[in-house]
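Here is the structure we will look at, set down as structure tokens.
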Amino acid sequence: MSDVTIKGARKSYASMEVLHGIDLHIKSGEFVVFVGPSGCGKSTLLRMIAGLEEISDGTIAIGDTVVNNVAPAKRGIAMVFQNYALYPHMTVSDNMGFGLKIAGLSKSERDIRVRKAAAMLQLTDYLERLPRQLSGGQRQRVAIGRAIVRDPKVFLFDEPLSNLDAALRVATRIEIARLKESLPGTTMVYVTHDQVEAMTLADRIVVLNGGRIEQVGSPLELYDRPANLFVARFIGSPAMNIVDAEILSQQPARLGVRGTTIDLPPDAEVRAQGTAVKLGVRPEDLRLAGSDVPLLSGTVSLVEHLGEVTIAYVDIGAGEPLVAKLDGASKIVRGETIHLTADRYKLHVFDAANGSACLTARLASAA
Ligand code: ADP
Ligand code: MG
């Protein structure tokens with residue numbers, strides 16, 4: 001078993017606490033991504049699993065063993081960093097097999113493992129090359145291969161793609177997604193600040209912010225049902241629009257937004273500490289209202305015609321401009337007044353007092 005169980009994990013540097021009690025269970029064979037802004041504690045938590053940082057309080061277990069006091073080399077983990085640090089004078093094959101050589105494996109055993117990992121990473125044709133004869137993406141794959149040959153139970157990645165240019169990042173991300181399929185029993189924990197990487201790779205995403213977990217869920221759970229404003233803004237691009245609103249009625253749920261009354265789905269209830277709330281609507285969920293009742297109206301301050309879609313920035317007279325991802329064929333122009341609407345099942349509501357999602361659907365299945 002190679003599940004990872006984190007209980008009440010805290011980390012302090014001198015008197016500054018940077019992780020404030022993390023509880024998380026990562027299942028054996030699961031691909032979990034830690035995502036969050038720079039400095040939120042992603043690397044620290046990963047390094048605590050790896051044994052590269054001490055755990056100030058709480059426990060971390062791999063399988064049934066609490067590893068707080070187990071040396072990194074004895075934890076059955078392998079880690080891939082942003083800086084792939086290959087030995088420049090060694091071939092790809094020797095770089096990948098070096099750790100095994102140190103561990104005393106025979107040349108034939110090393111060759112078998114290196115060839116298998118190279119095949120998995122499409123590196124078979126490059127085994128006799130030197131690192132400088134490879135692209136950045138291939139070098140990073142060698143670094144991953146060097147970790148695979150050790151046959152770890154838990155694979156840890158810390159922003160492995162962030163030194164690559166955009167095209168290589170996409171290609172290498174696809175390699176990592178393939179790798180996950182070829183190593184189904186291996187638990188993988190992957191750190192990134194890039195929400196696209198998180199959405200495309202993860203079975204489950206852990207959103208961290210300021211040393212705390214904001215939400216844990218599958219990519220679509222986080223996208224469809226963000227638990228709070230932080231997650232709502234962090235997942236999805238362009239980011240969710242957030243507009244001040246007030247509760248007019250809790251059940252049926254009805255909001256007032258800039259003079260307009262918005263009826264939320266009939267099975268929903270809105271429960272907040274006061275009446276001040278924030279309405280959230282994703283740019284891709286907005287459309288031109290046509291003959292429907294508009295949700296929000298404003299003046300177009302900028303239009304980007306991207307072909308497939310048109311992005312409109314709409315000044316609604318308060319706060320940030322609204323961003324709407326409209327049909328590519330939309331002929332709207334700057335300065336025009338437009339009326340936008342959205343499917344009311346796609347609307348999000350957050351408590352203005354604490355940022356938590358506060359729209360509760362009354363599911364028919366409760367009956
Ligand atoms: P992330 O990987 O999410 O960008 P880190 O885990 O690297 O964030 O850092 C979390 C916090 O801990 C940051 O505030 C950072 O400055 C602090 N930190 C990280 N390493 C050290 C260290 N060795 N000494 C003191 N503070 C540190
Ligand atoms: Mg980091």
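In the structure tokens, each chain is lettered A, B, ... as it comes, each chain's residues begin at 1, and ligands are numbered from 1 in order of appearance.
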
Protein and nucleic residues near ligand 1, 10 Å, only C-alpha atoms and all ligand atoms, as a PyMOL selection string:
chain A and resi 11-19+34-48+53+158-159+191-193+208-211

Using N, CA, C and O atoms, can you export the residues from the last selection as a compact mmCIF listing (two decimals), in the first residue's frame?
```txt
# COMPACT_ATOMS: atom_id res chain seq x y z
N LYS A 11 4.04 23.31 9.98
CA LYS A 11 5.44 23.61 9.74
C LYS A 11 5.73 25.04 10.14
O LYS A 11 5.00 25.96 9.76
N SER A 12 6.77 25.19 10.94
CA SER A 12 7.21 26.54 11.30
C SER A 12 8.67 26.69 10.92
O SER A 12 9.46 25.75 11.03
N TYR A 13 9.02 27.86 10.46
CA TYR A 13 10.43 28.25 10.30
C TYR A 13 10.67 29.29 11.37
O TYR A 13 10.02 30.34 11.36
N ALA A 14 11.57 29.01 12.30
CA ALA A 14 11.77 29.86 13.48
C ALA A 14 10.39 30.08 14.12
O ALA A 14 9.68 29.11 14.37
N SER A 15 9.97 31.33 14.30
CA SER A 15 8.68 31.54 14.98
C SER A 15 7.53 31.69 13.98
O SER A 15 6.40 31.91 14.37
N MET A 16 7.84 31.54 12.66
CA MET A 16 6.78 31.76 11.68
C MET A 16 6.17 30.44 11.22
O MET A 16 6.87 29.58 10.68
N GLU A 17 4.87 30.28 11.47
CA GLU A 17 4.21 29.06 11.02
C GLU A 17 3.74 29.26 9.58
O GLU A 17 3.04 30.23 9.27
N VAL A 18 4.13 28.35 8.67
CA VAL A 18 3.75 28.48 7.26
C VAL A 18 2.72 27.43 6.82
O VAL A 18 2.04 27.62 5.82
N LEU A 19 2.58 26.34 7.58
CA LEU A 19 1.49 25.39 7.34
C LEU A 19 0.74 25.23 8.66
O LEU A 19 1.35 24.94 9.69
N PHE A 34 -1.26 19.58 -5.81
CA PHE A 34 -1.34 20.72 -4.89
C PHE A 34 -1.22 21.97 -5.74
O PHE A 34 -0.23 22.14 -6.45
N VAL A 35 -2.21 22.84 -5.65
CA VAL A 35 -2.17 24.06 -6.43
C VAL A 35 -2.44 25.24 -5.52
O VAL A 35 -3.11 25.10 -4.48
N GLY A 36 -1.90 26.40 -5.87
CA GLY A 36 -2.12 27.59 -5.06
C GLY A 36 -1.09 28.63 -5.42
O GLY A 36 -0.11 28.32 -6.11
N PRO A 37 -1.29 29.85 -4.95
CA PRO A 37 -0.36 30.92 -5.32
C PRO A 37 1.02 30.71 -4.73
O PRO A 37 1.19 29.93 -3.78
N SER A 38 1.99 31.41 -5.27
CA SER A 38 3.36 31.33 -4.80
C SER A 38 3.42 31.64 -3.31
O SER A 38 2.76 32.55 -2.83
N GLY A 39 4.17 30.83 -2.56
CA GLY A 39 4.35 31.07 -1.14
C GLY A 39 3.28 30.47 -0.24
O GLY A 39 3.31 30.65 0.97
N CYS A 40 2.31 29.72 -0.81
CA CYS A 40 1.21 29.21 0.01
C CYS A 40 1.58 27.94 0.77
O CYS A 40 0.82 27.47 1.61
N GLY A 41 2.76 27.35 0.46
CA GLY A 41 3.22 26.20 1.23
C GLY A 41 3.21 24.87 0.47
O GLY A 41 3.42 23.82 1.08
N LYS A 42 3.03 24.90 -0.84
CA LYS A 42 2.97 23.67 -1.64
C LYS A 42 4.27 22.87 -1.53
O LYS A 42 4.26 21.67 -1.24
N SER A 43 5.39 23.56 -1.82
CA SER A 43 6.68 22.85 -1.81
C SER A 43 7.01 22.36 -0.41
O SER A 43 7.53 21.26 -0.24
N THR A 44 6.70 23.16 0.58
CA THR A 44 7.00 22.77 1.96
C THR A 44 6.26 21.47 2.30
O THR A 44 6.86 20.54 2.85
N LEU A 45 4.99 21.39 1.94
CA LEU A 45 4.22 20.18 2.24
C LEU A 45 4.78 18.97 1.49
O LEU A 45 4.92 17.88 2.05
N LEU A 46 5.13 19.18 0.22
CA LEU A 46 5.70 18.08 -0.58
C LEU A 46 7.03 17.62 0.02
O LEU A 46 7.31 16.43 0.12
N ARG A 47 7.85 18.59 0.44
CA ARG A 47 9.16 18.26 1.00
C ARG A 47 9.02 17.56 2.36
O ARG A 47 9.88 16.79 2.75
N MET A 48 7.94 17.86 3.06
CA MET A 48 7.68 17.13 4.31
C MET A 48 7.33 15.67 4.02
O MET A 48 7.73 14.77 4.76
N GLU A 53 12.09 18.13 4.71
CA GLU A 53 11.80 19.14 5.75
C GLU A 53 11.25 18.40 6.95
O GLU A 53 10.46 17.47 6.79
N ASP A 158 7.78 18.58 -8.07
CA ASP A 158 7.64 19.99 -7.68
C ASP A 158 7.81 20.88 -8.90
O ASP A 158 8.93 21.12 -9.34
N GLU A 159 6.72 21.36 -9.44
CA GLU A 159 6.70 22.25 -10.60
C GLU A 159 7.67 21.78 -11.69
O GLU A 159 8.53 22.55 -12.13
N VAL A 191 3.05 19.24 -7.58
CA VAL A 191 2.86 20.63 -7.17
C VAL A 191 2.94 21.54 -8.39
O VAL A 191 3.83 21.40 -9.23
N THR A 192 2.01 22.47 -8.49
CA THR A 192 2.08 23.47 -9.55
C THR A 192 1.33 24.73 -9.09
O THR A 192 0.51 24.68 -8.19
N HIS A 193 1.67 25.87 -9.73
CA HIS A 193 0.84 27.06 -9.47
C HIS A 193 -0.07 27.28 -10.67
O HIS A 193 -0.82 28.24 -10.71
N LEU A 208 -4.46 25.10 -2.02
CA LEU A 208 -3.84 25.66 -0.81
C LEU A 208 -3.80 27.17 -0.91
O LEU A 208 -3.65 27.72 -2.01
N ASN A 209 -3.90 27.81 0.23
CA ASN A 209 -3.81 29.27 0.28
C ASN A 209 -3.34 29.65 1.68
O ASN A 209 -3.97 29.25 2.66
N GLY A 210 -2.24 30.37 1.76
CA GLY A 210 -1.75 30.84 3.05
C GLY A 210 -1.55 29.72 4.07
O GLY A 210 -1.85 29.91 5.26
N GLY A 211 -1.08 28.56 3.62
CA GLY A 211 -0.76 27.48 4.55
C GLY A 211 -1.95 26.68 5.02
O GLY A 211 -1.85 25.89 5.97
```

Non-local contacts of Gly280 of chain A (7 Å; only C-alpha atoms; under 6 positions in same chain excluded) as a list in words
Met240, Asn241, Ile242, Val243, Leu347, His348 and Val349 of chain A

Tell me which of A:Met96, A:Leu296, A:Tyr190, A:Lys180 sits closest to ligand 2, counting only C-alpha atoms and all ligand atoms.
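Ranking A:Met96, A:Leu296, A:Tyr190, A:Lys180 by distance to ligand 2, first place goes to A:Tyr190.
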
I'd like the neighbourhood of Ala232 of chain A as a compact mmCIF listing (two decimals) with N, CA and C atoms, in the first residue's frame, where a residue qualifies if any of its atoms comes within 12 Å (using only C-alpha atoms), though same-chain residues fewer than 2 positions away should be ignored.
```
# COMPACT_ATOMS: atom_id res chain seq x y z
N GLN A 195 -3.13 26.40 -12.89
CA GLN A 195 -4.41 25.70 -12.73
C GLN A 195 -4.75 24.82 -13.94
N VAL A 207 -6.48 22.64 -3.18
CA VAL A 207 -6.20 24.07 -3.34
C VAL A 207 -5.68 24.60 -2.01
N GLU A 214 -7.97 25.09 1.13
CA GLU A 214 -9.24 25.78 0.86
C GLU A 214 -10.31 24.78 0.42
N GLN A 215 -9.90 23.81 -0.39
CA GLN A 215 -10.86 22.81 -0.89
C GLN A 215 -10.10 21.65 -1.51
N LEU A 220 -13.58 18.80 -11.83
CA LEU A 220 -14.90 19.34 -12.14
C LEU A 220 -15.69 19.75 -10.91
N GLU A 221 -15.45 19.06 -9.79
CA GLU A 221 -16.11 19.51 -8.54
C GLU A 221 -15.66 20.93 -8.19
N LEU A 222 -14.36 21.20 -8.32
CA LEU A 222 -13.88 22.53 -7.98
C LEU A 222 -14.40 23.58 -8.96
N TYR A 223 -14.52 23.18 -10.21
CA TYR A 223 -15.01 24.11 -11.23
C TYR A 223 -16.51 24.37 -11.06
N ASP A 224 -17.27 23.30 -10.83
CA ASP A 224 -18.73 23.44 -10.75
C ASP A 224 -19.20 23.95 -9.39
N ARG A 225 -18.50 23.53 -8.33
CA ARG A 225 -18.98 23.87 -6.98
C ARG A 225 -17.83 24.38 -6.10
N PRO A 226 -17.23 25.52 -6.46
CA PRO A 226 -16.17 26.04 -5.59
C PRO A 226 -16.74 26.35 -4.21
N ALA A 227 -16.00 25.96 -3.17
CA ALA A 227 -16.50 26.10 -1.80
C ALA A 227 -16.43 27.54 -1.30
N ASN A 228 -15.62 28.35 -1.94
CA ASN A 228 -15.48 29.72 -1.48
C ASN A 228 -14.94 30.61 -2.60
N LEU A 229 -14.88 31.90 -2.31
CA LEU A 229 -14.46 32.87 -3.32
C LEU A 229 -13.05 32.62 -3.81
N PHE A 230 -12.17 32.18 -2.90
CA PHE A 230 -10.79 31.97 -3.31
C PHE A 230 -10.72 30.90 -4.41
N PHE A 234 -9.73 31.17 -8.35
CA PHE A 234 -8.46 30.51 -8.72
C PHE A 234 -8.64 29.50 -9.83
N ILE A 235 -9.75 28.77 -9.84
CA ILE A 235 -9.99 27.73 -10.84
C ILE A 235 -10.85 28.31 -11.96
N GLY A 236 -10.36 28.16 -13.20
CA GLY A 236 -11.09 28.70 -14.36
C GLY A 236 -10.38 29.92 -14.92
N SER A 237 -10.36 30.01 -16.25
CA SER A 237 -9.66 31.12 -16.89
C SER A 237 -10.37 31.51 -18.18
N PRO A 238 -10.71 32.80 -18.39
CA PRO A 238 -10.55 33.90 -17.43
C PRO A 238 -11.33 33.62 -16.14
N ALA A 239 -10.94 34.30 -15.07
CA ALA A 239 -11.50 34.02 -13.75
C ALA A 239 -12.99 34.35 -13.69
N MET A 240 -13.66 33.70 -12.74
CA MET A 240 -15.09 33.95 -12.50
C MET A 240 -15.33 35.44 -12.20
N ASN A 241 -16.40 35.99 -12.76
CA ASN A 241 -16.80 37.35 -12.42
C ASN A 241 -17.48 37.33 -11.06
N ILE A 242 -17.17 38.34 -10.24
CA ILE A 242 -17.78 38.43 -8.91
C ILE A 242 -18.42 39.82 -8.79
N LYS A 278 -22.06 37.87 -2.66
CA LYS A 278 -21.38 38.10 -3.94
C LYS A 278 -21.96 37.10 -4.93
N LEU A 279 -22.35 37.61 -6.08
CA LEU A 279 -22.83 36.74 -7.14
C LEU A 279 -21.63 36.39 -8.02
N GLY A 280 -21.48 35.12 -8.34
CA GLY A 280 -20.38 34.69 -9.21
C GLY A 280 -20.93 34.11 -10.50
N VAL A 281 -20.34 34.52 -11.62
CA VAL A 281 -20.74 33.93 -12.90
C VAL A 281 -19.50 33.83 -13.80
N ARG A 282 -19.29 32.63 -14.34
CA ARG A 282 -18.10 32.42 -15.16
C ARG A 282 -18.25 33.10 -16.52
N LEU A 347 -25.21 29.94 -11.80
CA LEU A 347 -24.82 31.06 -10.95
C LEU A 347 -24.29 30.56 -9.60
N HIS A 348 -23.33 31.30 -9.05
CA HIS A 348 -22.74 30.96 -7.75
C HIS A 348 -23.03 32.12 -6.80
N VAL A 349 -23.21 31.80 -5.53
CA VAL A 349 -23.43 32.85 -4.54
C VAL A 349 -22.53 32.60 -3.34
N PHE A 350 -21.85 33.66 -2.90
CA PHE A 350 -20.92 33.55 -1.77
C PHE A 350 -21.31 34.56 -0.70
N GLY A 355 -16.87 34.71 2.61
CA GLY A 355 -16.46 34.16 1.31
C GLY A 355 -16.95 32.75 1.02
N SER A 356 -17.65 32.10 1.95
CA SER A 356 -18.07 30.71 1.66
C SER A 356 -19.26 30.68 0.71
N ALA A 357 -19.30 29.62 -0.08
CA ALA A 357 -20.44 29.41 -0.96
C ALA A 357 -21.68 29.28 -0.08
```

What's the 10 Å shell around Arg254 of chain A, counting only C-alpha atoms, without same-chain residues fewer than 3 positions away, as a list in words?
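In the requested format, the answer is Glu246, Ile247, Leu248, Ser249, Gln250, Gln251, Val257, Thr261, Ile262, Asp263, Leu264, Pro265, Pro266, Ala268, Glu269 and Val270 of chain A.
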
Please save C-alpha atoms of the selected residues as a short mmCIF file (atom, residue, chain, number, x, y, z; two decimals), in the first residue's frame.
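The resulting out_11.cif:
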```cif
data_model
loop_
_atom_site.label_atom_id
_atom_site.label_comp_id
_atom_site.auth_asym_id
_atom_site.auth_seq_id
_atom_site.Cartn_x
_atom_site.Cartn_y
_atom_site.Cartn_z
CA GLU A 246 -28.02 41.33 -1.74
CA ILE A 247 -30.42 38.66 -0.60
CA LEU A 248 -34.05 39.63 -1.25
CA SER A 249 -35.45 36.25 -0.24
CA GLN A 250 -33.78 33.12 1.14
CA GLN A 251 -36.31 30.54 -0.04
CA VAL A 257 -28.03 42.94 -8.24
CA THR A 261 -34.02 40.95 -9.37
CA ILE A 262 -32.52 37.54 -9.99
CA ASP A 263 -34.47 34.39 -9.21
CA LEU A 264 -32.19 31.47 -8.47
CA PRO A 265 -33.32 27.88 -9.17
CA PRO A 266 -36.55 26.96 -7.35
CA ALA A 268 -32.14 26.40 -4.03
CA GLU A 269 -31.85 28.26 -0.77
CA VAL A 270 -29.40 31.06 -0.03
#
```

Could you write out, as a ChimeraX atom specification, all the residues of segment 41-275 of chain A that DSSP marks as strand (DSSP E)?
/A:57-62,65-66,77-80,154-158,187-192,204-209,212-217,241-249,254-257,260-263,268-270

Would you mind listing what lies within 7 Å of Gly328 of chain A as a list of chain:residue names, with only C-alpha atoms counted and same-chain residues fewer than 2 positions away left out?
A:His305, A:Leu306, A:Gly307, A:Glu308, A:Val309, A:Thr310, A:Leu326, A:Ser330
